[in-house]
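For reference, model-v5.cif (mmCIF, C-alpha atoms):
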```cif
data_data
loop_
_atom_site.label_atom_id
_atom_site.label_comp_id
_atom_site.auth_asym_id
_atom_site.auth_seq_id
_atom_site.Cartn_x
_atom_site.Cartn_y
_atom_site.Cartn_z
CA MET A 187 0.00 0.00 0.00
CA LEU A 188 1.09 3.54 -0.64
CA GLU A 189 -0.83 4.93 2.32
CA THR A 190 1.59 6.94 4.43
CA ASP A 191 2.16 10.05 6.45
CA ALA A 192 1.69 12.72 3.79
CA HIS A 193 4.54 14.81 5.23
CA LEU A 194 7.09 12.11 4.40
CA SER A 195 6.91 12.50 0.64
CA GLY A 196 7.33 15.32 -1.83
CA GLY A 197 5.57 13.50 -4.67
CA ASP A 198 1.90 13.37 -5.55
CA ARG A 199 -0.11 12.95 -2.41
CA ALA A 200 -3.37 13.64 -0.65
CA VAL A 201 -4.06 14.95 2.82
CA THR A 202 -7.28 14.35 4.76
CA THR A 203 -8.44 16.53 7.64
CA ILE A 204 -11.55 16.96 9.77
CA THR A 205 -12.51 20.18 11.51
CA GLU A 206 -12.51 19.91 15.28
CA ASP A 207 -16.18 20.90 15.45
CA GLY A 208 -17.08 18.01 13.13
CA SER A 209 -18.47 20.23 10.40
CA PHE A 210 -16.27 19.32 7.43
CA ARG A 211 -13.98 16.68 6.07
CA VAL A 212 -11.50 17.98 3.51
CA VAL A 213 -9.24 16.07 1.16
CA THR A 214 -6.66 17.99 -0.84
CA LEU A 215 -4.60 16.43 -3.58
CA ARG A 216 -1.56 17.17 -5.72
CA SER A 217 -1.61 15.01 -8.86
CA THR A 218 0.95 16.78 -11.06
CA GLN A 219 3.37 13.90 -11.67
CA THR A 220 0.61 11.33 -12.01
CA VAL A 221 -1.35 13.19 -14.68
CA THR A 222 1.84 14.20 -16.49
CA ALA A 223 2.81 10.55 -16.89
CA ALA A 224 -0.73 9.52 -17.90
CA ILE A 225 -0.94 12.30 -20.50
CA ALA A 226 2.44 11.29 -21.93
CA ALA A 227 1.47 7.61 -22.09
CA GLN A 228 -1.66 8.51 -24.07
CA ASN A 229 -0.01 11.21 -26.21
CA ALA A 230 -2.81 13.57 -25.19
CA THR A 231 -2.58 17.27 -25.96
CA GLY A 232 -4.58 20.48 -25.60
CA THR A 233 -8.00 20.34 -24.01
CA THR A 234 -8.00 16.54 -24.17
CA ALA A 235 -4.96 16.49 -21.86
CA GLU A 236 -6.58 18.96 -19.47
CA HIS A 237 -9.83 17.00 -19.30
CA LEU A 238 -7.91 13.77 -18.73
CA ALA A 239 -5.99 15.37 -15.87
CA ASP A 240 -9.21 16.63 -14.26
CA LEU A 241 -10.84 13.22 -14.62
CA ILE A 242 -7.91 11.47 -12.94
CA THR A 243 -7.84 13.96 -10.07
CA GLY A 244 -11.59 13.78 -9.53
CA SER A 245 -11.61 9.98 -9.62
CA VAL A 246 -8.84 9.82 -7.02
CA LEU A 247 -10.80 12.18 -4.75
CA VAL A 248 -13.90 9.98 -5.04
CA ARG A 249 -11.84 6.90 -4.22
CA LEU A 250 -10.22 8.50 -1.19
CA THR A 251 -13.55 9.67 0.23
CA MET A 252 -15.92 6.84 -0.74
CA ALA A 253 -13.82 3.73 -1.39
CA PRO A 254 -10.22 4.13 -0.16
CA ASP A 255 -9.63 0.38 -0.14
CA LEU A 256 -11.33 -0.32 -3.45
CA ARG A 257 -11.03 0.55 -7.13
CA VAL A 258 -12.70 3.56 -8.77
CA GLN A 259 -12.99 4.27 -12.48
CA GLY A 260 -14.09 7.56 -13.97
CA VAL A 261 -15.20 8.00 -17.58
CA VAL A 262 -15.81 11.15 -19.60
CA ARG A 263 -17.83 10.86 -22.78
CA GLY A 264 -17.35 13.85 -25.06
CA LYS A 265 -20.23 15.95 -26.30
CA THR A 266 -22.35 14.33 -29.02
CA GLY A 267 -20.67 11.05 -28.07
CA LYS A 268 -17.32 11.95 -29.60
CA GLY A 269 -14.36 10.53 -27.73
CA THR A 270 -13.95 8.84 -24.37
CA LEU A 271 -11.55 9.35 -21.47
CA VAL A 272 -10.98 6.74 -18.75
CA ALA A 273 -9.28 7.07 -15.36
CA ASP A 274 -8.53 3.85 -13.48
CA CYS A 275 -7.63 4.39 -9.81
CA HIS A 276 -6.54 1.51 -7.57
CA PRO A 277 -6.48 1.18 -3.77
CA ASP A 278 -2.67 0.96 -3.70
CA GLY A 279 -2.49 4.51 -5.06
CA GLY A 280 -1.74 3.57 -8.65
CA CYS A 281 -3.56 5.40 -11.45
CA ARG A 282 -3.64 4.89 -15.21
CA ALA A 283 -5.71 6.34 -18.03
CA LEU A 284 -7.02 5.86 -21.57
CA VAL A 285 -7.92 8.24 -24.37
CA ARG A 286 -10.29 7.16 -27.10
CA GLU A 287 -10.70 9.93 -29.68
CA THR A 288 -12.97 9.68 -32.67
CA ALA A 289 -11.74 12.80 -34.47
CA GLY A 290 -9.91 15.78 -33.04
CA PRO A 291 -9.80 16.81 -29.38
CA ILE A 292 -12.35 15.58 -26.88
CA GLU A 293 -14.64 18.44 -25.89
CA ILE A 294 -17.12 18.78 -23.07
CA GLY A 295 -20.38 20.61 -23.42
CA PRO A 296 -24.07 19.84 -24.00
CA GLY A 297 -24.51 16.08 -23.95
CA SER A 298 -21.11 15.23 -22.44
CA LEU A 299 -21.19 12.88 -19.46
CA VAL A 300 -19.17 11.73 -16.46
CA GLN A 301 -19.63 8.13 -15.38
CA VAL A 302 -18.21 6.89 -12.07
CA MET A 303 -17.89 3.23 -11.17
CA ARG A 304 -16.57 2.08 -7.82
CA SER A 305 -16.15 -1.39 -6.43
CA LEU A 306 -18.17 -2.47 -3.40
CA PRO A 307 -16.94 -4.85 -0.67
CA ASN A 308 -19.37 -7.56 -1.85
CA GLY A 309 -17.80 -7.58 -5.32
CA THR A 310 -20.55 -5.64 -7.08
CA THR A 311 -20.14 -2.21 -8.66
CA HIS A 312 -21.80 1.08 -7.74
CA GLN A 313 -22.32 3.27 -10.78
CA GLY A 314 -23.56 6.76 -11.48
CA VAL A 315 -23.82 8.83 -14.66
CA VAL A 316 -24.30 12.62 -14.71
CA GLU A 317 -24.20 15.29 -17.37
CA ILE A 318 -21.29 17.72 -17.22
CA PRO A 319 -22.66 21.16 -16.25
CA ALA A 320 -21.92 23.84 -18.81
CA ASP A 321 -20.64 26.36 -16.25
CA TYR A 322 -18.70 24.09 -13.86
CA GLY A 323 -17.16 21.45 -16.08
CA ILE A 324 -15.77 18.22 -14.69
CA SER A 325 -15.58 19.67 -11.16
CA GLY A 326 -19.32 20.30 -11.28
CA ALA A 327 -20.03 16.84 -12.67
CA PHE A 328 -18.26 15.20 -9.74
CA MET A 329 -20.21 17.39 -7.31
CA VAL A 330 -23.49 16.33 -8.91
CA TYR A 331 -22.38 12.70 -8.82
CA MET A 332 -21.56 12.88 -5.10
CA LEU A 333 -24.92 14.44 -4.32
CA GLU A 334 -27.13 12.28 -6.56
CA SER A 335 -25.34 8.91 -6.44
CA GLU A 336 -23.66 9.00 -3.03
CA GLN A 337 -26.07 11.37 -1.20
CA VAL A 338 -23.11 13.35 0.12
CA THR A 339 -23.11 17.15 -0.16
CA SER A 340 -19.64 18.18 -1.35
CA VAL A 341 -17.75 20.99 -3.00
CA ILE A 342 -15.18 19.67 -5.46
CA GLY A 343 -12.56 21.54 -7.41
CA VAL A 344 -10.16 19.92 -9.89
CA GLY A 345 -7.80 21.71 -12.21
CA CYS A 346 -4.75 21.40 -14.43
CA VAL A 347 -2.54 24.37 -15.29
CA MET A 348 -0.66 23.94 -18.57
CA SER A 349 2.47 25.83 -19.59
CA GLU A 350 2.92 27.59 -22.91
CA ASP A 351 4.67 24.50 -24.32
CA ASP A 352 1.66 22.28 -23.45
CA LYS A 353 3.25 20.74 -20.36
CA VAL A 354 1.57 20.26 -16.98
CA SER A 355 2.71 22.95 -14.55
CA VAL A 356 0.53 21.85 -11.65
CA ALA A 357 -2.52 19.64 -11.24
CA GLY A 358 -4.62 18.82 -8.22
CA GLY A 359 -7.84 19.49 -6.43
CA TRP A 360 -9.92 19.24 -3.30
CA ILE A 361 -13.17 17.95 -1.92
CA VAL A 362 -14.97 19.56 1.03
CA GLN A 363 -17.63 17.27 2.48
CA LEU A 364 -20.42 18.51 4.70
CA LEU A 365 -20.69 16.32 7.82
CA PRO A 366 -23.89 15.75 9.84
CA GLU A 367 -22.60 17.82 12.77
CA CYS A 368 -22.28 20.97 10.66
CA GLN A 369 -24.19 23.99 12.00
CA GLU A 370 -25.28 27.16 10.20
CA PRO A 371 -22.38 29.55 11.09
CA PRO A 372 -19.52 27.40 9.75
CA LEU A 373 -21.66 26.32 6.81
CA GLU A 374 -22.24 29.91 5.73
CA LEU A 375 -18.55 30.74 6.16
CA MET A 376 -17.47 27.78 4.05
CA TYR A 377 -20.08 28.55 1.41
CA GLN A 378 -18.78 32.09 1.01
CA ARG A 379 -15.17 30.91 0.95
CA MET A 380 -15.81 28.33 -1.76
CA ARG A 381 -17.92 30.73 -3.82
CA LEU A 382 -15.54 33.68 -3.64
CA ASP A 383 -12.03 32.30 -3.21
CA PHE A 384 -12.13 28.76 -4.62
CA ALA A 385 -14.52 29.05 -7.54
CA ASP A 386 -11.67 28.85 -10.09
CA PRO A 387 -9.51 25.77 -9.34
CA LYS A 388 -6.90 26.69 -11.95
CA SER A 389 -6.30 30.09 -10.39
CA VAL A 390 -6.07 28.58 -6.91
CA LEU A 391 -3.60 25.92 -8.03
CA ARG A 392 -1.57 28.45 -9.97
CA SER A 393 -1.23 30.75 -6.95
CA LEU A 394 -0.72 28.08 -4.27
CA GLY A 395 1.30 25.58 -6.28
CA GLY A 396 -0.95 22.63 -5.50
CA ASP A 397 0.70 21.76 -2.16
CA PRO A 398 -1.90 19.74 -0.18
CA GLU A 399 -1.06 21.24 3.21
CA THR A 400 -1.19 24.77 1.83
CA LEU A 401 -4.55 24.05 0.22
CA GLN A 402 -5.82 22.65 3.53
CA SER A 403 -4.70 25.68 5.51
CA GLU A 404 -6.32 28.08 3.02
CA ILE A 405 -9.60 26.18 2.74
CA LEU A 406 -9.87 25.84 6.53
CA TYR A 407 -8.40 29.21 7.46
CA GLY A 408 -9.58 30.17 10.94
CA MET A 409 -11.14 26.74 11.55
CA PRO A 410 -9.30 24.41 13.96
CA TYR A 411 -8.73 21.03 12.30
CA GLN A 412 -6.80 17.81 12.66
CA GLN A 413 -5.08 15.83 9.95
CA THR A 414 -6.46 12.31 9.92
CA GLY A 415 -4.58 10.68 7.06
CA GLY A 416 -2.44 10.92 3.98
CA ALA A 417 -1.96 8.91 0.82
CA LEU A 418 0.50 8.78 -2.04
CA ILE A 419 -0.60 8.40 -5.64
CA GLU A 420 1.40 7.65 -8.77
CA HIS A 421 1.00 6.68 -12.39
CA ARG A 422 1.21 2.90 -12.59
CA CYS A 423 0.05 0.26 -15.04
CA TYR A 424 -1.03 -3.23 -14.07
CA CYS A 425 -0.34 -4.99 -17.35
CA SER A 426 1.80 -8.17 -17.43
CA PRO A 427 2.57 -11.08 -19.79
CA GLU A 428 0.03 -13.13 -17.87
CA ARG A 429 -2.70 -10.56 -18.41
CA VAL A 430 -1.86 -10.32 -22.11
CA PHE A 431 -2.07 -14.10 -22.43
CA ALA A 432 -5.39 -14.10 -20.58
CA SER A 433 -6.75 -11.56 -23.06
CA MET A 434 -5.95 -14.01 -25.87
CA ALA A 435 -8.49 -16.38 -24.34
CA THR A 436 -11.24 -14.09 -25.60
CA LEU A 437 -10.34 -14.89 -29.21
CA GLY A 438 -12.56 -17.29 -31.11
CA ARG A 439 -11.40 -20.70 -32.30
CA ALA A 440 -11.09 -19.52 -35.91
CA ASP A 441 -8.81 -16.65 -34.88
CA LEU A 442 -6.61 -18.94 -32.79
CA GLU A 443 -6.32 -21.44 -35.65
CA ASP A 444 -5.36 -18.63 -38.02
CA ILE A 445 -2.60 -17.44 -35.68
CA LEU A 446 -1.21 -20.95 -35.32
CA ARG A 447 -1.34 -21.57 -39.06
CA LYS A 448 0.61 -18.42 -39.84
CA GLY A 449 3.15 -19.15 -37.11
CA GLU A 450 4.02 -15.48 -36.70
CA THR A 451 4.87 -13.92 -33.35
CA LEU A 452 2.24 -11.42 -32.28
CA HIS A 453 3.42 -7.98 -31.23
CA VAL A 454 0.93 -6.30 -28.94
CA SER A 455 1.12 -3.33 -26.62
CA CYS A 456 -0.79 -2.24 -23.54
CA ASP A 457 -3.44 0.36 -24.27
CA TYR A 458 -2.72 2.11 -20.97
CA CYS A 459 1.08 2.38 -20.98
CA ASN A 460 2.16 1.23 -24.50
CA ARG A 461 4.47 -1.41 -23.04
CA PRO A 462 5.25 -3.93 -25.83
CA TYR A 463 4.69 -7.67 -25.50
CA GLU A 464 5.41 -10.64 -27.74
CA VAL A 465 3.05 -13.60 -27.92
CA HIS A 466 4.47 -16.70 -29.57
CA PRO A 467 1.90 -18.79 -31.45
CA GLU A 468 2.73 -22.06 -29.72
CA THR A 469 1.85 -20.58 -26.35
CA LEU A 470 -1.72 -20.27 -27.62
CA ARG A 471 -2.12 -23.94 -28.52
CA GLY A 472 -3.43 -24.71 -25.05
CA LEU A 473 -6.19 -22.16 -25.55
CA LEU A 474 -7.16 -23.79 -28.83
CA GLU A 475 -7.37 -27.20 -27.20
CA ALA A 476 -9.43 -25.75 -24.35
CA SER A 477 -11.87 -24.11 -26.77
#
```
Could you write out this structure as structure tokens?
Amino acid sequence: MLETDAHLSGGDRAVTTITEDGSFRVVTLRSTQTVTAAIAAQNATGTTAEHLADLITGSVLVRLTMAPDLRVQGVVRGKTGKGTLVADCHPDGGCRALVRETAGPIEIGPGSLVQVMRSLPNGTTHQGVVEIPADYGISGAFMVYMLESEQVTSVIGVGCVMSEDDKVSVAGGWIVQLLPECQEPPLELMYQRMRLDFADPKSVLRSLGGDPETLQSEILYGMPYQQTGGALIEHRCYCSPERVFASMATLGRADLEDILRKGETLHVSCDYCNRPYEVHPETLRGLLEAS
């Protein structure tokens, strides 16, 4: 597990705190290195890269708050159904991503959706699909998801600041969850703070640098709080020769026979990380016999 004291690492990490009066739980996250590696692995650029970064950050925040020991996947479907982004976040802190473009950059707008799927302890999957709000983008979609699918009132901000040469300068975000103990005075204060000072995640990340502790101290300024946990995240793929071989089992008998007849080594690569693999035809003979 990558769960650790967040102060012990300078890499991508999250910090969780709870206010001493029990009003709010806040998770802040720096995801710069993780999304940089995912964007590079998928050769994403422009708005597609930014949307992918926001999707990864938002999916990690959902995992940390709703399913820290389980897997969460987030999916963005571009407007008019053009293009798909996938974020795959695992309980050990590893994250990977996919970009499926139909033509040109993936854009969000009327008709674009965010789908969140998280594993449950009994092995089933909890799933929710929401439309991406025109004014609040992917941040707003995750807020709607938390309210409608998880029945948890939250304020979520995710952002990715790109440099002039299309590189990630800083990426991260936060989630502020309203707890049952919250009373009117702190609720009004937090509402005003989120509306006035944290409405633009990119500007906040640009000015504060995405440091989780700094984000925590600014979000909870004047509110006594205690840090309750920390977690590291990183870009990591889970592909292996064994998984590649297992994927061959989905081929039909005719396809397997054709591969064996040609006798040519198959060269395949992982969709998530582009790692190359070789599959020798004779290793598939057992699959043919089984089918």
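In this comparison, which uses all atoms listed in the file, the residue of A:Thr203, A:Thr266, A:Gln363, A:Thr220 approaching Gln413 of chain A most closely is A:Thr203.
Residue nearest Gly260 of chain A within the list A:Lys448, A:His237, A:Arg429, A:His466: A:His237 [criterion: smallest interatomic distance, all atoms listed in the file].
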- Shell of 7 Å around Ser245 of chain A, all atoms listed in the file, local chain residues under 3 positions omitted, as a PyMOL selection string: chain A and resi 241-242+248-249+258-260+273+275
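Against this structure, the PyMOL selection byres ((chain A and resi 430) around 12) ends up with Tyr424, Cys425, Ser426, Pro427, Glu428, Arg429, Phe431, Ala432, Ser433, Met434, Ala435, Thr436, Leu437, Leu452, His453, Val454, Ser455, Cys456, Asp457, Arg461, Pro462, Tyr463, Glu464, Val465, His466, Thr469 and Leu470 of chain A.
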- Message: Using the chain letters and numbers from this file, what does the PyMOL selection byres ((chain A and resi 339-354) around 7) select? Give the answer as number ranges by chain.
- Response: A: 218, 222, 232, 236, 239-240, 243-244, 325, 328-329, 332-333, 337-338, 355-364, 387-388, 392
- Which polymer residues have any atom within 12 Å of an atom of segment 416-420 of chain A, counting all atoms listed in the file, with same-chain residues fewer than 4 positions away left out, as a ChimeraX atom specification? /A:187-203,212-224,242-243,245-247,249-251,254-255,274-283,358,398-399,412
- Message: So the first atom is atom CA of Phe210 of chain A and the second is atom CA of Ala327 of chain A; what is the distance between them in Å, to one decimal place?
- Response: 20.6 Å
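Distances from A:Val272, A:Ala253, A:Val261, A:Leu365 to Leu299 of chain A were compared using only C-alpha atoms, and the smallest one belongs to A:Val261.
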- Please evaluate the PyMOL selection byres ((chain A and resi 306-319) around 8) against the structure above and give the resulting residues as a PyMOL selection string. chain A and resi 253+256+294-305+320-324+326-327+330-331+335
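The gap separating atom CA of Cys423 of chain A from atom CA of Ile292 of chain A is 23.0 Å, in Å to one decimal.
When atom CA of Leu394 of chain A is paired with atom CA of Ile204 of chain A, their separation reads 20.9 Å.
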- Message: Give me the residues near Tyr411 of chain A as number ranges by chain, where near means some atom within 9 Å (using all atoms listed in the file) and where sequence neighbours in that chain fewer than 5 positions away do not count.
- Response: A: 203-208, 406
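The shortest atom-to-atom distance to Met409 of chain A, with all atoms listed in the file taken into account, belongs to A:Leu375 out of A:Ala227, A:Leu375, A:Ile445, A:Met380.
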- Message: I'd like to know which of A:Ile405, A:Val390, A:Ala289, A:Pro366 is closest to Gln378 of chain A, using only C-alpha atoms.
- Response: A:Ile405
- Which of these, A:Arg447, A:Arg439, A:Lys265, A:His421, has the shortest distance to Gly472 of chain A once you count all atoms listed in the file?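 Smallest distance to Gly472 of chain A is found for A:Arg439.
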Starting from the incomplete input, reconstruct all heavy atoms of segment 457-468 of chain A and report them as an mmCIF file, in the coordinates of the input.
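Okay, selection_24.cif is ready:
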```cif
data_model
loop_
_atom_site.group_PDB
_atom_site.id
_atom_site.type_symbol
_atom_site.label_atom_id
_atom_site.label_comp_id
_atom_site.auth_asym_id
_atom_site.auth_seq_id
_atom_site.Cartn_x
_atom_site.Cartn_y
_atom_site.Cartn_z
ATOM 1 N N ASP A 457 -2.745 -0.865 -23.925
ATOM 2 C CA ASP A 457 -3.440 0.360 -24.270
ATOM 3 C C ASP A 457 -3.171 1.480 -23.263
ATOM 4 O O ASP A 457 -3.219 2.663 -23.605
ATOM 5 C CB ASP A 457 -4.950 0.123 -24.353
ATOM 6 C CG ASP A 457 -5.332 -0.706 -25.572
ATOM 7 O OD1 ASP A 457 -4.556 -0.726 -26.541
ATOM 8 O OD2 ASP A 457 -6.405 -1.337 -25.538
ATOM 9 N N TYR A 458 -2.912 1.110 -22.004
ATOM 10 C CA TYR A 458 -2.720 2.110 -20.970
ATOM 11 C C TYR A 458 -1.314 2.712 -20.974
ATOM 12 O O TYR A 458 -1.159 3.919 -20.784
ATOM 13 C CB TYR A 458 -2.975 1.491 -19.586
ATOM 14 C CG TYR A 458 -4.429 1.242 -19.274
ATOM 15 C CD1 TYR A 458 -4.995 -0.017 -19.457
ATOM 16 C CD2 TYR A 458 -5.245 2.257 -18.771
ATOM 17 C CE1 TYR A 458 -6.331 -0.255 -19.151
ATOM 18 C CE2 TYR A 458 -6.569 2.032 -18.466
ATOM 19 C CZ TYR A 458 -7.110 0.783 -18.661
ATOM 20 O OH TYR A 458 -8.435 0.549 -18.365
ATOM 21 N N CYS A 459 -0.287 1.878 -21.136
ATOM 22 C CA CYS A 459 1.080 2.380 -20.980
ATOM 23 C C CYS A 459 1.948 2.175 -22.222
ATOM 24 O O CYS A 459 3.117 2.587 -22.227
ATOM 25 C CB CYS A 459 1.754 1.720 -19.777
ATOM 26 S SG CYS A 459 2.074 -0.059 -19.982
ATOM 27 N N ASN A 460 1.433 1.498 -23.243
ATOM 28 C CA ASN A 460 2.160 1.230 -24.500
ATOM 29 C C ASN A 460 3.331 0.275 -24.320
ATOM 30 O O ASN A 460 4.195 0.192 -25.200
ATOM 31 C CB ASN A 460 2.657 2.540 -25.129
ATOM 32 C CG ASN A 460 1.522 3.411 -25.617
ATOM 33 O OD1 ASN A 460 0.583 2.922 -26.234
ATOM 34 N ND2 ASN A 460 1.585 4.706 -25.321
ATOM 35 N N ARG A 461 3.402 -0.439 -23.227
ATOM 36 C CA ARG A 461 4.470 -1.410 -23.040
ATOM 37 C C ARG A 461 4.305 -2.545 -24.058
ATOM 38 O O ARG A 461 3.226 -3.109 -24.206
ATOM 39 C CB ARG A 461 4.439 -1.983 -21.630
ATOM 40 C CG ARG A 461 5.593 -2.937 -21.300
ATOM 41 C CD ARG A 461 5.490 -3.392 -19.866
ATOM 42 N NE ARG A 461 5.506 -2.250 -18.954
ATOM 43 C CZ ARG A 461 5.128 -2.317 -17.675
ATOM 44 N NH1 ARG A 461 4.671 -3.464 -17.181
ATOM 45 N NH2 ARG A 461 5.186 -1.247 -16.918
ATOM 46 N N PRO A 462 5.375 -2.898 -24.794
ATOM 47 C CA PRO A 462 5.250 -3.930 -25.830
ATOM 48 C C PRO A 462 5.354 -5.345 -25.257
ATOM 49 O O PRO A 462 6.083 -5.596 -24.287
ATOM 50 C CB PRO A 462 6.434 -3.633 -26.751
ATOM 51 C CG PRO A 462 7.459 -3.029 -25.843
ATOM 52 C CD PRO A 462 6.707 -2.251 -24.793
ATOM 53 N N TYR A 463 4.635 -6.260 -25.873
ATOM 54 C CA TYR A 463 4.690 -7.670 -25.500
ATOM 55 C C TYR A 463 4.736 -8.512 -26.760
ATOM 56 O O TYR A 463 4.205 -8.126 -27.805
ATOM 57 C CB TYR A 463 3.454 -8.076 -24.675
ATOM 58 C CG TYR A 463 3.399 -7.463 -23.298
ATOM 59 C CD1 TYR A 463 2.700 -6.275 -23.069
ATOM 60 C CD2 TYR A 463 4.042 -8.074 -22.225
ATOM 61 C CE1 TYR A 463 2.645 -5.712 -21.807
ATOM 62 C CE2 TYR A 463 3.983 -7.517 -20.956
ATOM 63 C CZ TYR A 463 3.293 -6.334 -20.757
ATOM 64 O OH TYR A 463 3.250 -5.786 -19.503
ATOM 65 N N GLU A 464 5.382 -9.663 -26.646
ATOM 66 C CA GLU A 464 5.410 -10.640 -27.740
ATOM 67 C C GLU A 464 4.654 -11.886 -27.308
ATOM 68 O O GLU A 464 4.840 -12.384 -26.194
ATOM 69 C CB GLU A 464 6.851 -11.007 -28.097
ATOM 70 C CG GLU A 464 7.633 -9.886 -28.766
ATOM 71 C CD GLU A 464 9.007 -10.347 -29.224
ATOM 72 O OE1 GLU A 464 9.412 -11.485 -28.846
ATOM 73 O OE2 GLU A 464 9.666 -9.597 -29.956
ATOM 74 N N VAL A 465 3.806 -12.375 -28.189
ATOM 75 C CA VAL A 465 3.050 -13.600 -27.920
ATOM 76 C C VAL A 465 3.415 -14.607 -29.011
ATOM 77 O O VAL A 465 3.118 -14.396 -30.195
ATOM 78 C CB VAL A 465 1.528 -13.332 -27.935
ATOM 79 C CG1 VAL A 465 0.768 -14.629 -27.648
ATOM 80 C CG2 VAL A 465 1.165 -12.256 -26.917
ATOM 81 N N HIS A 466 4.068 -15.678 -28.608
ATOM 82 C CA HIS A 466 4.470 -16.700 -29.570
ATOM 83 C C HIS A 466 3.302 -17.648 -29.849
ATOM 84 O O HIS A 466 2.593 -18.060 -28.917
ATOM 85 C CB HIS A 466 5.676 -17.475 -29.037
ATOM 86 C CG HIS A 466 6.882 -16.599 -28.816
ATOM 87 N ND1 HIS A 466 7.670 -16.163 -29.843
ATOM 88 C CD2 HIS A 466 7.397 -16.062 -27.676
ATOM 89 C CE1 HIS A 466 8.636 -15.395 -29.361
ATOM 90 N NE2 HIS A 466 8.494 -15.318 -28.047
ATOM 91 N N PRO A 467 3.076 -17.989 -31.079
ATOM 92 C CA PRO A 467 1.900 -18.790 -31.450
ATOM 93 C C PRO A 467 1.744 -20.077 -30.650
ATOM 94 O O PRO A 467 0.623 -20.433 -30.256
ATOM 95 C CB PRO A 467 2.120 -19.076 -32.935
ATOM 96 C CG PRO A 467 2.967 -17.950 -33.413
ATOM 97 C CD PRO A 467 3.871 -17.608 -32.270
ATOM 98 N N GLU A 468 2.841 -20.762 -30.396
ATOM 99 C CA GLU A 468 2.730 -22.060 -29.720
ATOM 100 C C GLU A 468 2.195 -21.927 -28.303
ATOM 101 O O GLU A 468 1.636 -22.886 -27.770
ATOM 102 C CB GLU A 468 4.095 -22.756 -29.710
ATOM 103 C CG GLU A 468 4.480 -23.366 -31.053
ATOM 104 C CD GLU A 468 3.442 -24.365 -31.555
ATOM 105 O OE1 GLU A 468 2.983 -25.213 -30.759
ATOM 106 O OE2 GLU A 468 3.061 -24.274 -32.724
#
```
